[in-house]
>>> print(open('entry24.cif').read())   # mmCIF, C-alpha atoms and all ligand atoms
data_data
loop_
_atom_site.label_atom_id
_atom_site.label_comp_id
_atom_site.auth_asym_id
_atom_site.auth_seq_id
_atom_site.Cartn_x
_atom_site.Cartn_y
_atom_site.Cartn_z
CA MET A 1 0.00 0.00 0.00
CA LEU A 2 1.32 3.43 -0.99
CA VAL A 3 1.66 6.02 1.77
CA ASN A 4 2.69 9.68 1.89
CA VAL A 5 5.38 11.24 4.07
CA GLU A 6 2.92 12.04 6.88
CA ARG A 7 1.64 8.47 7.01
CA ALA A 8 5.17 7.03 6.87
CA ALA A 9 6.22 9.31 9.72
CA ARG A 10 3.17 8.22 11.72
CA ILE A 11 3.97 4.54 11.11
CA LEU A 12 7.56 5.07 12.26
CA GLY A 13 6.29 6.77 15.41
CA GLU A 14 3.86 3.96 16.19
CA TYR A 15 6.17 0.95 15.96
CA ASP A 16 9.52 0.13 17.55
CA ASP A 17 12.68 -2.02 17.41
CA TYR A 18 13.70 -1.21 13.87
CA LEU A 19 15.97 -3.05 11.52
CA ILE A 20 16.86 -0.80 8.56
CA LEU A 21 18.01 -2.50 5.36
CA SER A 22 20.16 -0.98 2.63
CA HIS A 23 20.54 -2.40 -0.86
CA ALA A 24 23.49 -4.62 -1.73
CA ASN A 25 26.53 -3.04 -3.38
CA PRO A 26 25.62 0.01 -1.29
CA ASP A 27 25.92 3.62 -2.41
CA GLY A 28 25.88 6.86 -0.45
CA ASP A 29 22.12 7.25 -0.71
CA THR A 30 21.08 3.88 0.70
CA LEU A 31 23.70 4.14 3.48
CA GLY A 32 22.98 7.80 4.20
CA CYS A 33 19.26 6.98 4.49
CA ALA A 34 19.86 4.02 6.78
CA TYR A 35 22.20 5.80 9.19
CA ALA A 36 20.18 9.02 9.23
CA LEU A 37 16.92 7.16 9.83
CA CYS A 38 18.62 5.09 12.53
CA ARG A 39 19.65 8.26 14.39
CA ILE A 40 16.26 9.88 13.89
CA LEU A 41 14.45 6.85 15.30
CA GLN A 42 16.85 6.62 18.22
CA LYS A 43 16.21 10.30 18.95
CA ALA A 44 12.50 9.52 18.90
CA GLY A 45 13.15 7.06 21.71
CA LYS A 46 13.11 3.92 19.55
CA ARG A 47 15.64 1.16 19.19
CA ALA A 48 17.16 0.93 15.69
CA LYS A 49 20.02 -0.74 13.83
CA CYS A 50 21.22 -0.93 10.20
CA LEU A 51 22.17 -3.84 8.01
CA CYS A 52 23.57 -4.24 4.51
CA ALA A 53 24.49 -7.43 2.65
CA ASP A 54 27.77 -6.03 1.38
CA GLU A 55 30.71 -4.18 2.77
CA ILE A 56 30.66 -0.40 2.98
CA PRO A 57 32.86 1.27 0.32
CA TYR A 58 36.01 2.82 1.74
CA LYS A 59 34.96 6.25 0.49
CA MET A 60 31.90 6.06 2.74
CA LYS A 61 33.40 4.45 5.81
CA PHE A 62 33.06 7.80 7.62
CA LEU A 63 29.30 7.23 7.65
CA THR A 64 29.65 4.36 10.12
CA ASP A 65 31.11 6.80 12.67
CA GLN A 66 27.86 8.75 12.63
CA VAL A 67 25.69 6.07 14.17
CA GLN A 68 25.61 3.52 16.98
CA ASN A 69 23.90 0.23 16.17
CA GLN A 70 21.94 -1.04 19.18
CA GLU A 71 21.74 -4.68 20.27
CA PHE A 72 18.19 -6.02 20.37
CA GLU A 73 15.76 -8.42 18.72
CA HIS A 74 14.16 -6.43 15.87
CA LYS A 75 10.40 -6.30 15.33
CA THR A 76 9.96 -3.90 12.41
CA VAL A 77 11.87 -4.01 9.12
CA VAL A 78 12.30 -0.90 6.97
CA SER A 79 14.10 -0.77 3.61
CA VAL A 80 15.65 2.40 2.21
CA ASP A 81 16.46 3.17 -1.46
CA VAL A 82 15.60 -0.44 -2.43
CA ALA A 83 13.61 -0.68 -5.69
CA ASP A 84 13.22 -4.46 -5.68
CA ARG A 85 13.65 -7.03 -2.92
CA LYS A 86 16.26 -8.80 -5.04
CA LEU A 87 18.46 -5.74 -4.57
CA LEU A 88 18.76 -6.65 -0.90
CA GLY A 89 21.29 -9.18 -2.14
CA GLY A 90 22.22 -11.70 0.53
CA LEU A 91 19.58 -10.27 2.87
CA ASN A 92 16.67 -10.92 0.51
CA GLN A 93 16.13 -14.52 1.55
CA VAL A 94 16.20 -13.75 5.26
CA TYR A 95 14.29 -10.45 5.37
CA GLY A 96 12.70 -9.94 1.92
CA ASP A 97 9.29 -11.22 3.11
CA ASP A 98 9.27 -9.10 6.27
CA VAL A 99 9.72 -5.54 5.00
CA PHE A 100 7.02 -3.46 6.70
CA LEU A 101 7.87 -0.05 5.27
CA ALA A 102 9.85 0.70 2.10
CA ILE A 103 11.15 4.23 1.57
CA ASP A 104 12.32 4.81 -1.97
CA HIS A 105 12.57 7.20 -4.91
CA HIS A 106 12.83 4.87 -7.93
CA GLY A 107 10.18 5.41 -10.59
CA SER A 108 10.19 1.79 -11.67
CA ARG A 109 10.05 -0.61 -8.75
CA THR A 110 8.50 -3.89 -7.70
CA GLU A 111 6.44 -3.68 -4.54
CA PHE A 112 7.47 -5.99 -1.73
CA ALA A 113 6.62 -4.10 1.46
CA GLU A 114 3.42 -3.75 3.45
CA PHE A 115 3.65 0.05 3.15
CA THR A 116 5.62 1.99 0.55
CA LEU A 117 6.61 5.63 0.50
CA VAL A 118 7.92 6.40 -2.98
CA ASP A 119 8.60 9.76 -4.62
CA PRO A 120 10.26 9.54 -8.06
CA ASP A 121 10.68 13.34 -8.02
CA ALA A 122 13.06 13.10 -5.07
CA ALA A 123 16.62 13.16 -6.38
CA ALA A 124 17.71 10.96 -3.49
CA ALA A 125 15.83 8.81 -1.01
CA CYS A 126 17.64 10.92 1.62
CA GLU A 127 15.33 13.81 0.69
CA LEU A 128 12.43 11.67 1.95
CA ILE A 129 14.24 10.85 5.19
CA TYR A 130 14.75 14.60 5.68
CA LYS A 131 11.02 15.19 5.22
CA ILE A 132 10.16 12.36 7.60
CA ALA A 133 12.37 13.87 10.32
CA GLU A 134 10.71 17.22 9.75
CA THR A 135 7.24 15.68 9.99
CA MET A 136 8.19 13.70 13.11
CA ASP A 137 9.52 16.97 14.55
CA ILE A 138 12.91 15.47 15.31
CA PRO A 139 15.61 18.17 15.08
CA LEU A 140 18.60 17.07 12.99
CA ASP A 141 22.07 17.03 14.50
CA SER A 142 25.25 17.34 12.46
CA GLN A 143 25.86 13.57 12.28
CA THR A 144 22.41 13.00 10.78
CA ALA A 145 22.96 15.94 8.43
CA VAL A 146 26.27 14.40 7.25
CA CYS A 147 24.44 11.18 6.35
CA LEU A 148 21.64 12.95 4.49
CA TYR A 149 24.00 15.27 2.63
CA THR A 150 26.13 12.30 1.54
CA GLY A 151 23.08 10.57 0.07
CA ILE A 152 21.90 13.66 -1.78
CA ALA A 153 25.38 14.50 -3.11
CA THR A 154 25.84 10.89 -4.27
CA ASP A 155 22.60 10.59 -6.22
CA THR A 156 22.86 14.02 -7.83
CA GLY A 157 26.53 13.60 -8.80
CA CYS A 158 27.24 16.53 -6.50
CA PHE A 159 24.20 18.54 -7.66
CA ARG A 160 25.13 18.20 -11.34
CA PHE A 161 22.62 15.64 -12.67
CA SER A 162 19.27 16.65 -14.14
CA ASN A 163 17.41 15.03 -11.22
CA THR A 164 18.61 17.92 -9.02
CA THR A 165 15.72 20.24 -8.13
CA SER A 166 15.30 23.42 -6.16
CA ALA A 167 13.91 21.18 -3.38
CA THR A 168 17.22 19.29 -3.42
CA HIS A 169 19.13 22.54 -3.01
CA TYR A 170 16.72 23.72 -0.33
CA ILE A 171 17.34 20.59 1.74
CA ALA A 172 21.11 20.86 1.16
CA HIS A 173 20.90 24.47 2.35
CA LYS A 174 19.16 23.34 5.55
CA LEU A 175 21.78 20.64 6.10
CA ILE A 176 24.68 23.04 5.54
CA ASP A 177 23.13 25.43 8.06
CA ILE A 178 23.30 22.68 10.68
CA GLY A 179 27.06 22.64 10.17
CA ILE A 180 28.64 19.82 8.16
CA PRO A 181 32.08 19.39 6.56
CA PHE A 182 30.62 19.30 3.04
CA GLU A 183 33.93 20.10 1.37
CA LYS A 184 35.56 17.04 2.96
CA ILE A 185 32.58 14.85 2.08
CA ASN A 186 32.61 15.94 -1.56
CA TYR A 187 36.37 15.47 -1.82
CA ARG A 188 36.03 11.87 -0.60
CA LEU A 189 33.06 11.15 -2.83
CA PHE A 190 34.07 12.86 -6.05
CA ASP A 191 37.77 13.71 -6.22
CA MET A 192 39.67 11.14 -4.19
CA LYS A 193 40.83 7.99 -5.94
CA SER A 194 42.96 5.13 -4.68
CA LYS A 195 46.38 4.73 -6.28
CA GLY A 196 45.25 1.39 -7.69
CA ARG A 197 42.24 2.98 -9.34
CA MET A 198 44.45 5.66 -10.88
CA ARG A 199 46.75 2.96 -12.28
CA LEU A 200 43.77 1.00 -13.58
CA GLU A 201 42.34 4.09 -15.31
CA HIS A 202 45.76 4.80 -16.79
CA GLU A 203 46.02 1.31 -18.26
CA ILE A 204 42.46 1.46 -19.62
CA PHE A 205 43.25 4.79 -21.28
CA GLU A 206 46.51 3.48 -22.77
CA ASN A 207 44.53 0.73 -24.51
CA MET A 208 41.53 2.81 -25.53
CA GLU A 209 40.55 2.66 -29.19
CA PHE A 210 39.29 5.68 -31.11
CA TYR A 211 37.11 5.85 -34.23
CA CYS A 212 35.31 8.53 -36.28
CA GLU A 213 37.95 11.24 -35.76
CA ASP A 214 37.98 10.54 -32.02
CA ARG A 215 34.24 11.01 -31.61
CA VAL A 216 33.95 7.36 -30.61
CA ALA A 217 36.10 5.92 -27.82
CA VAL A 218 36.09 2.26 -26.84
CA SER A 219 37.59 0.93 -23.64
CA ILE A 220 38.04 -2.77 -23.10
CA LEU A 221 38.12 -4.42 -19.70
CA THR A 222 39.25 -7.98 -20.21
CA LEU A 223 39.13 -10.53 -17.40
CA ALA A 224 42.91 -10.54 -17.55
CA LEU A 225 43.00 -6.82 -16.79
CA ILE A 226 40.34 -7.10 -14.08
CA ASN A 227 42.17 -9.99 -12.43
CA LYS A 228 45.46 -8.12 -12.62
CA TYR A 229 44.00 -5.33 -10.47
CA LYS A 230 41.79 -7.44 -8.21
CA GLY A 231 44.43 -7.73 -5.51
CA GLU A 232 45.36 -4.08 -5.74
CA VAL A 233 42.03 -2.25 -5.74
CA ASP A 234 38.73 -2.54 -3.87
CA VAL A 235 35.73 -4.05 -5.67
CA GLU A 236 34.16 -0.58 -5.75
CA ASP A 237 37.11 0.70 -7.77
CA PHE A 238 35.72 -1.24 -10.72
CA ASN A 239 32.53 0.87 -10.56
CA GLY A 240 32.01 3.96 -12.67
CA LEU A 241 34.55 3.04 -15.33
CA ALA A 242 31.89 3.19 -18.05
CA GLY A 243 31.90 6.97 -17.72
CA MET A 244 35.59 7.23 -18.59
CA PRO A 245 35.57 7.40 -22.42
CA ARG A 246 33.06 10.27 -22.42
CA GLN A 247 35.25 12.30 -20.08
CA ILE A 248 37.58 12.85 -23.02
CA GLU A 249 36.86 16.07 -24.88
CA GLY A 250 35.19 15.51 -28.24
CA VAL A 251 34.04 11.95 -27.52
CA GLU A 252 30.35 11.68 -28.30
CA VAL A 253 29.96 7.93 -27.92
CA GLY A 254 31.80 6.16 -25.13
CA VAL A 255 31.74 2.38 -25.29
CA THR A 256 32.95 0.11 -22.51
CA ILE A 257 33.30 -3.58 -23.27
CA LYS A 258 33.60 -5.55 -20.06
CA GLN A 259 34.36 -9.24 -20.19
CA LYS A 260 32.11 -11.27 -17.89
CA ASP A 261 33.12 -14.76 -18.95
CA ASP A 262 35.27 -16.37 -21.65
CA ASN A 263 32.77 -15.53 -24.38
CA VAL A 264 30.43 -13.10 -22.66
CA PHE A 265 30.83 -9.32 -22.80
CA LYS A 266 28.75 -6.64 -21.12
CA ILE A 267 28.56 -3.46 -23.18
CA SER A 268 27.91 -0.02 -21.69
CA ILE A 269 27.31 2.94 -23.97
CA ARG A 270 27.29 6.59 -22.90
CA THR A 271 26.44 9.30 -25.41
CA SER A 272 26.19 13.05 -25.89
CA ASP A 273 22.70 14.45 -26.35
CA GLU A 274 22.77 14.06 -30.16
CA ILE A 275 23.03 10.28 -30.07
CA ASP A 276 20.59 7.77 -28.62
CA ALA A 277 22.45 5.09 -26.62
CA ALA A 278 19.32 3.01 -26.06
CA LYS A 279 18.68 2.80 -29.83
CA ILE A 280 22.14 1.34 -30.39
CA CYS A 281 21.74 -1.19 -27.60
CA GLU A 282 18.25 -2.21 -28.71
CA LYS A 283 19.83 -3.62 -31.88
CA PHE A 284 21.51 -6.15 -29.59
CA ASP A 285 18.51 -6.89 -27.35
CA GLY A 286 19.66 -4.43 -24.72
CA GLY A 287 18.25 -1.09 -23.67
CA GLY A 288 18.34 1.71 -21.14
CA HIS A 289 18.19 5.47 -21.35
CA ALA A 290 18.94 7.86 -24.21
CA ARG A 291 22.29 8.88 -22.70
CA ALA A 292 23.24 5.60 -20.99
CA ALA A 293 22.36 2.10 -22.12
CA GLY A 294 23.74 -1.40 -22.18
CA CYS A 295 23.55 -4.85 -23.73
CA THR A 296 25.29 -8.21 -23.53
CA LEU A 297 27.04 -9.87 -26.47
CA GLU A 298 28.46 -13.36 -26.82
CA GLY A 299 31.45 -14.52 -28.83
CA THR A 300 35.15 -13.77 -28.83
CA LEU A 301 36.24 -10.19 -28.23
CA GLU A 302 36.99 -9.81 -31.95
CA GLU A 303 33.56 -11.15 -32.92
CA VAL A 304 31.82 -8.90 -30.42
CA LYS A 305 33.68 -5.86 -31.70
CA ALA A 306 32.92 -6.80 -35.32
CA ARG A 307 29.19 -6.84 -34.55
CA LEU A 308 29.02 -3.88 -32.22
CA LEU A 309 31.35 -1.25 -33.67
CA PRO A 310 29.67 -0.80 -37.07
CA ALA A 311 26.40 0.03 -35.29
CA VAL A 312 28.17 2.48 -32.99
CA ILE A 313 30.07 4.14 -35.83
CA GLU A 314 26.90 4.41 -37.90
CA ALA A 315 25.11 6.11 -35.01
CA ALA A 316 28.03 8.51 -34.50
CA GLU A 317 28.12 9.38 -38.20
CA ASN A 318 24.38 9.91 -38.54
CA GLY A 319 23.98 11.71 -35.25
CA GLY A 320 21.88 8.77 -34.13
CA GLU A 321 19.17 9.19 -36.77
MN MN A 401 19.02 6.53 -4.36
#
>>> encode(input="entry24.cif", output="structure tokens")
Amino acid sequence: MLVNVERAARILGEYDDYLILSHANPDGDTLGCAYALCRILQKAGKRAKCLCADEIPYKMKFLTDQVQNQEFEHKTVVSVDVADRKLLGGLNQVYGDDVFLAIDHHGSRTEFAEFTLVDPDAAAACELIYKIAETMDIPLDSQTAVCLYTGIATDTGCFRFSNTTSATHYIAHKLIDIGIPFEKINYRLFDMKSKGRMRLEHEIFENMEFYCEDRVAVSILTLALINKYKGEVDVEDFNGLAGMPRQIEGVEVGVTIKQKDDNVFKISIRTSDEIDAAKICEKFDGGGHARAAGCTLEGTLEEVKARLLPAVIEAAENGGE
């Protein structure tokens, strides 16, 4: 059953002994929501603790300092930023059936909770947690503000993505007024890279292929390359590499070919606003958004490239028409 912020706040005030679940492969939004909500509930006199199937990325380890998990037998399960129970990862089997309240901002989702608060206009689920705290009349302290700001900065790419609204900025303004080290947070989230990640990016760039007068860039992540860096970098350092080719000036179509198995390759395509990435991927039974899409191709690397690249080059030459 769908509920609004007021109803969700009322539910949270009525029940107790909360277990808050984040999605697997956690990002700043799901973790920021969980820790902020945990603090808010504790301030409301409830018992609350957080759980995630996977390890917390090193860039976001500071979030764990903001909250104290309590020891108790939970009675009420809440999920945050989870669009589908499968995204709970290893926790799905144990808790997937028991989610009482889901708080989320994904437009396309599969219902799994008794009550769901969802607002696709919210740039981050943390915006909803902010509104819940406001409705519950729980004043935010700086630790809670750090968590919420981290979630909002993460999901808006530091207030750069088109999902950013004036409401997003308004909430950020309120959080900054509480007093948070936003410069430090943004440095950790957006500028800082591990040495291993830098080396990995360097090697990917060295091997990048260019077509159509450099308007198309193709990076290839073979299993050999991935395995070479596995010991050196964290798992999370393999995230976000699909954005690399398009960071290069003049590149309108960025293609990342990532080897999944001997003869299986996952393709990610990122494009400028003249070219439709989804249209290219649909030719190979994939899909996605106009600026970011993906598909999976089978065969040897050479075979995959021979099928994929002509379609990419054609799209780049015709402006995607
Ligand atoms: Mn989110």
>>> atom_distance(input="entry24.cif", atom1="atom CA of Ser219 of chain A", atom2="atom CA of Thr300 of chain A")
15.8 Å
>>> atom_distance(input="entry24.cif", atom1="atom CA of Asp214 of chain A", atom2="atom CA of Ala311 of chain A")
16.0 Å
>>> closest_atom_pairs(input="entry24.cif", of="chain A", to="ligand MN 401 (chain A)", cutoff="9 Å", atoms="all atoms listed in the file", output="Markdown table")
| residue | atom | partner | partner_atom | distance |
| --- | --- | --- | --- | --- |
| A:Asp27 | CA | A:MN401 | MN | 7.7 |
| A:Gly28 | CA | A:MN401 | MN | 7.9 |
| A:Asp29 | CA | A:MN401 | MN | 4.8 |
| A:Thr30 | CA | A:MN401 | MN | 6.1 |
| A:Cys33 | CA | A:MN401 | MN | 8.9 |
| A:Val80 | CA | A:MN401 | MN | 8.5 |
| A:Asp81 | CA | A:MN401 | MN | 5.1 |
| A:Val82 | CA | A:MN401 | MN | 8.0 |
| A:Asp104 | CA | A:MN401 | MN | 7.3 |
| A:His105 | CA | A:MN401 | MN | 6.5 |
| A:His106 | CA | A:MN401 | MN | 7.3 |
| A:Ala122 | CA | A:MN401 | MN | 8.9 |
| A:Ala123 | CA | A:MN401 | MN | 7.3 |
| A:Ala124 | CA | A:MN401 | MN | 4.7 |
| A:Ala125 | CA | A:MN401 | MN | 5.2 |
| A:Cys126 | CA | A:MN401 | MN | 7.5 |
| A:Gly151 | CA | A:MN401 | MN | 7.2 |
| A:Ile152 | CA | A:MN401 | MN | 8.1 |
| A:Thr154 | CA | A:MN401 | MN | 8.1 |
| A:Asp155 | CA | A:MN401 | MN | 5.7 |
>>> residues_around(input="entry24.cif", residues="segment 189-203 of chain A", least_positions_apart="5", cutoff="6 Å", atoms="all atoms listed in the file", output="VMD selection string")
chain A and resid 232 to 233 237
>>> closest_residue(input="entry24.cif", among="A:Phe210, A:Phe205, A:Phe159, A:Phe62", to="Lys184 of chain A", atoms="all atoms listed in the file")
A:Phe62
>>> closest_residue(input="entry24.cif", among="A:Leu31, A:Lys266, A:Asn69, A:Arg10", to="Ala133 of chain A", atoms="all atoms listed in the file")
A:Arg10
>>> residues_near_point(input="entry24.cif", point="(12.9, -1.0, -10.9)", cutoff="10 Å", atoms="only C-alpha atoms", output="number ranges by chain")
A: 82-84, 87, 106-111
>>> residues_around(input="entry24.cif", residues="segment 274-280 of chain A", least_positions_apart="6", cutoff="6 Å", atoms="only C-alpha atoms", output="short mmCIF file (atom, residue, chain, number, x, y, z; two decimals) with C-alpha atoms, in the coordinates of the input")
data_model
loop_
_atom_site.label_atom_id
_atom_site.label_comp_id
_atom_site.auth_asym_id
_atom_site.auth_seq_id
_atom_site.Cartn_x
_atom_site.Cartn_y
_atom_site.Cartn_z
CA GLY A 287 18.25 -1.09 -23.67
CA GLY A 288 18.34 1.71 -21.14
CA HIS A 289 18.19 5.47 -21.35
CA ALA A 290 18.94 7.86 -24.21
CA ARG A 291 22.29 8.88 -22.70
CA ALA A 292 23.24 5.60 -20.99
CA ALA A 293 22.36 2.10 -22.12
CA GLY A 319 23.98 11.71 -35.25
CA GLY A 320 21.88 8.77 -34.13
#
>>> closest_residue(input="entry24.cif", among="A:Val78, A:Val235, A:Met244, A:Met1", to="Ala48 of chain A", atoms="only C-alpha atoms")
A:Val78
>>> residues_around(input="entry24.cif", residues="Glu298 of chain A", least_positions_apart="3", cutoff="9 Å", atoms="all atoms listed in the file", output="VMD selection string")
chain A and resid 263 to 266 301 303 to 304
>>> closest_residue(input="entry24.cif", among="A:Thr144, A:Gln247, A:Ser22, A:Asn163", to="Leu175 of chain A", atoms="all atoms listed in the file")
A:Thr144
>>> closest_residue(input="entry24.cif", among="A:Leu2, A:Ile257, A:Ile20, A:Val312", to="Thr271 of chain A", atoms="all atoms listed in the file")
A:Val312
>>> closest_residue(input="entry24.cif", among="A:Tyr35, A:Tyr170, A:Tyr130, A:Phe238", to="Gln66 of chain A", atoms="all atoms listed in the file")
A:Tyr35
>>> atom_distance(input="entry24.cif", atom1="atom CA of Val255 of chain A", atom2="atom CA of Val218 of chain A")
4.6 Å
>>> decode(input="entry24.cif", residues="segment 231-257 of chain A", atoms="N, CA and C atoms", output="compact mmCIF listing (two decimals), in the first residue's frame")
# COMPACT_ATOMS: atom_id res chain seq x y z
N GLY A 231 43.74 -7.75 -6.80
CA GLY A 231 44.43 -7.73 -5.51
C GLY A 231 44.77 -6.32 -5.06
N GLU A 232 44.85 -5.42 -6.03
CA GLU A 232 45.36 -4.08 -5.74
C GLU A 232 44.26 -3.07 -5.38
N VAL A 233 43.09 -3.23 -5.98
CA VAL A 233 42.03 -2.25 -5.74
C VAL A 233 40.82 -2.89 -5.07
N ASP A 234 39.98 -2.06 -4.45
CA ASP A 234 38.73 -2.54 -3.87
C ASP A 234 37.74 -2.86 -4.99
N VAL A 235 36.76 -3.69 -4.68
CA VAL A 235 35.73 -4.05 -5.67
C VAL A 235 35.09 -2.77 -6.23
N GLU A 236 34.84 -1.81 -5.33
CA GLU A 236 34.16 -0.58 -5.75
C GLU A 236 34.97 0.22 -6.77
N ASP A 237 36.28 -0.02 -6.81
CA ASP A 237 37.11 0.70 -7.77
C ASP A 237 36.83 0.27 -9.21
N PHE A 238 36.11 -0.83 -9.37
CA PHE A 238 35.72 -1.24 -10.72
C PHE A 238 34.41 -0.57 -11.14
N ASN A 239 33.77 0.16 -10.22
CA ASN A 239 32.53 0.87 -10.56
C ASN A 239 32.84 2.18 -11.27
N GLY A 240 31.89 2.62 -12.08
CA GLY A 240 32.01 3.96 -12.67
C GLY A 240 33.01 4.08 -13.81
N LEU A 241 33.57 2.96 -14.24
CA LEU A 241 34.55 3.04 -15.33
C LEU A 241 33.88 3.31 -16.67
N ALA A 242 32.58 2.99 -16.78
CA ALA A 242 31.89 3.19 -18.05
C ALA A 242 31.80 4.67 -18.41
N GLY A 243 31.96 5.54 -17.44
CA GLY A 243 31.90 6.97 -17.72
C GLY A 243 33.20 7.53 -18.29
N MET A 244 34.26 6.73 -18.21
CA MET A 244 35.59 7.23 -18.59
C MET A 244 35.74 7.73 -20.03
N PRO A 245 35.33 6.93 -21.04
CA PRO A 245 35.57 7.40 -22.42
C PRO A 245 34.95 8.77 -22.69
N ARG A 246 33.76 9.00 -22.15
CA ARG A 246 33.06 10.27 -22.42
C ARG A 246 33.66 11.46 -21.67
N GLN A 247 34.59 11.18 -20.76
CA GLN A 247 35.25 12.30 -20.08
C GLN A 247 36.23 12.98 -21.01
N ILE A 248 36.60 12.29 -22.09
CA ILE A 248 37.58 12.85 -23.02
C ILE A 248 36.89 13.85 -23.95
N GLU A 249 37.45 15.01 -24.05
CA GLU A 249 36.86 16.07 -24.88
C GLU A 249 36.65 15.59 -26.31
N GLY A 250 35.48 15.86 -26.86
CA GLY A 250 35.19 15.51 -28.24
C GLY A 250 34.57 14.14 -28.41
N VAL A 251 34.64 13.29 -27.40
CA VAL A 251 34.04 11.95 -27.52
C VAL A 251 32.53 12.06 -27.33
N GLU A 252 31.81 11.61 -28.36
CA GLU A 252 30.35 11.68 -28.30
C GLU A 252 29.73 10.34 -27.95
N VAL A 253 30.43 9.26 -28.30
CA VAL A 253 29.96 7.93 -27.92
C VAL A 253 31.08 7.23 -27.17
N GLY A 254 30.84 6.91 -25.93
CA GLY A 254 31.80 6.16 -25.13
C GLY A 254 31.31 4.74 -24.96
N VAL A 255 32.13 3.79 -25.37
CA VAL A 255 31.74 2.38 -25.29
C VAL A 255 32.69 1.68 -24.32
N THR A 256 32.12 0.92 -23.40
CA THR A 256 32.95 0.11 -22.51
C THR A 256 32.56 -1.36 -22.69
N ILE A 257 33.54 -2.15 -23.06
CA ILE A 257 33.30 -3.58 -23.27
C ILE A 257 33.93 -4.31 -22.11
